[in-house]
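As structure tokens, the structure follows; a few thoughts come after it.
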Amino acid sequence: MAKNPYDVLGVKRDADDAAIQKAYRNLAKVHHPDMNPGNKKAEDRFKDINAAYDILGDAAKRKRFDRGEIDASGQEIRTNPFARGGFRQNAGGGMGAGGPGGGFAFDDLGDIFESMFGKGKGAGPGGGMGGGGPFRGGPGGGFATRGEDENFRLDIGFIDAVTGAKRRVSLPSGKSLDVTIPAGIADGQTIRLRGQGVPGVGGGPPGDVLIEVKVAEHPHFKRQGRDITLELPVSLGEAVLGAKVEVPTISGSVTLTIPKGSNSGSMLRLRGKGLPATKTEPAGDQYVTLKVVLPKEPDEELETLVRAWSAKRPYNPRSGFGG
């Protein structure tokens with residue numbers, strides 16, 4: 001037997017829609033099967049939570065449950081309209097139409113037949129028997145509202161952010177979705193999955209899933225707009241004599257020519273090695289900044305050479321500084 005939905009969600013009978021949605025979301029996260037692998041009790045609890053929200057999250061179903069027209073599983077409760085108390089009597093006790101003579105109030109027949117047969121599209125303005133069906137509660141057949149959006153955060157790597165990727169995510173409802181991460185997405189941007197959020201109430205459209213993307217930092221690459229920057233360590237010999245070296249890019253390693261006499265801070269460009277091209281924008285570039293690095297261990301031969309060289313060719317690299 002289905003359990004009372006108010007007890008399952010832990011809300012009072014006069015709780016508003018916001019309180020019911022909040023209670024459902026909190027419980028669904030705690031008892032979601034992904035959070036409790038192999039736990040049969042949690043799985044059963046999760047089913048009860050969804051069943052309860054199916055009743056209380058739908059304004060029309062909730063009203064019918066409160067009136068005793070459906071049970072906790074959503075099944076119709078058939079009543080006998082001719083049983084004692086099935087009709088409302090006026091003071092006179094006769095079978096009149098509600099005038100001084102008394103009797104049954106025939107305006108209640110609409111409520112009775114509605115509880116027996118549901119709402120029909122052919123109802124007349126006063127709830128009477130129209131040409132298309134039994135009765136209708138009002139224009140549009142009930143209250144409908146859009147479902148709530150669901151918000152998530154997705155952590156991705158730097159390379160996945162600049163080149164694009166696919167990830168599979170699990171929602172509190174138990175649904176799993178494949179998410180396409182577009183190439184070039186920036187940290188803090190949001191991916192919207194339309195119609196994948198909380199179901200609507202009363203037949204209303206579902207909400208969306210909003211995924212905020214958090215991009216991890218890379219140990220070497222940085223992004224500037226559509227360009228990629230990289231600081232490349234080079235040896236003293238490579239800087240003085242020039243060299244060809246392997247340089248990493250977001251799409252693989254390439255060979256870079258270092259000109260003779262390069263200094264720390266010299267910047268070289270690799271065309272088209274930044275963010276991939278799109279329909280509206282060309283590919284970005286990668287900018288490589290050189291950083292001359294001396295040997296970690298002291299080298300007497302190098303010191304002797306530099307000392308002799310400096311004595312013959314003295315220069316002041318700070319001559320341009322103001323003082």
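We name chains A, B, ... following the order of the structure tokens; residues begin at 1 in each chain, and ligands are numbered from 1 as shown.
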Problem set entry | Long-range neighbours of range 306-321 of chain A as a PyMOL selection string, 12 Å cut-off, only C-alpha atoms, 5 positions minimum in chain | chain A and resi 236+263+299-301
Problem set entry | Separation of CA of Glu246 in chain A from CA of Asp187 in chain A, in Å and rounded to one decimal | 28.8 Å
Exercise. Within 12 Å of Gln196 in chain A, counting only C-alpha atoms, which residues qualify if same-chain residues fewer than 4 places away don't, as a PyMOL selection string?
Worked result: chain A and resi 146-151+169-179+192+200+205-211
Produce a table with one row for each residue of range 182-230 of chain A that has an atom at most 10 Å from any atom of range 249-256 of chain A, each row naming the nearest atom pair and its distance in Å at one decimal; use only C-alpha atoms; arrange rows by chain and rising residue number; format as CSV.
residue,atom,partner,partner_atom,distance
A:His220,CA,A:Thr249,CA,9.8
A:Phe221,CA,A:Ile250,CA,8.2
A:Ile228,CA,A:Ile250,CA,8.4
A:Thr229,CA,A:Thr249,CA,9.4
A:Leu230,CA,A:Thr249,CA,8.7
File dump, residues just selected, N, CA and C atoms, as a PDB file, in the first residue's frame:
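Writing the result to result.pdb gives the following:
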ATOM      1  N   HIS A 220      51.041  24.401 -17.240  1.00  0.00           N
ATOM      2  CA  HIS A 220      51.890  25.122 -18.191  1.00  0.00           C
ATOM      3  C   HIS A 220      51.113  26.120 -19.065  1.00  0.00           C
ATOM      4  N   PHE A 221      49.945  25.724 -19.528  1.00  0.00           N
ATOM      5  CA  PHE A 221      49.178  26.584 -20.435  1.00  0.00           C
ATOM      6  C   PHE A 221      48.328  27.586 -19.671  1.00  0.00           C
ATOM      7  N   ILE A 228      46.551  30.896 -26.602  1.00  0.00           N
ATOM      8  CA  ILE A 228      47.165  30.131 -25.518  1.00  0.00           C
ATOM      9  C   ILE A 228      48.574  30.668 -25.292  1.00  0.00           C
ATOM     10  N   THR A 229      48.975  30.803 -24.032  1.00  0.00           N
ATOM     11  CA  THR A 229      50.327  31.254 -23.715  1.00  0.00           C
ATOM     12  C   THR A 229      51.068  30.157 -22.958  1.00  0.00           C
ATOM     13  N   LEU A 230      52.399  30.157 -23.126  1.00  0.00           N
ATOM     14  CA  LEU A 230      53.238  29.143 -22.501  1.00  0.00           C
ATOM     15  C   LEU A 230      54.610  29.742 -22.231  1.00  0.00           C
TER      16      LEU A 230
END
Exercise. Hey, what does DSSP flag as strand (DSSP E or B) within range 124-313 of chain A? Can you give it to me as a ChimeraX atom specification?
Worked result: /A:135,145,150-156,165-170,176-181,190-193,201,209-215,221-224,227-234,243-247,254-258,267-270,286-292
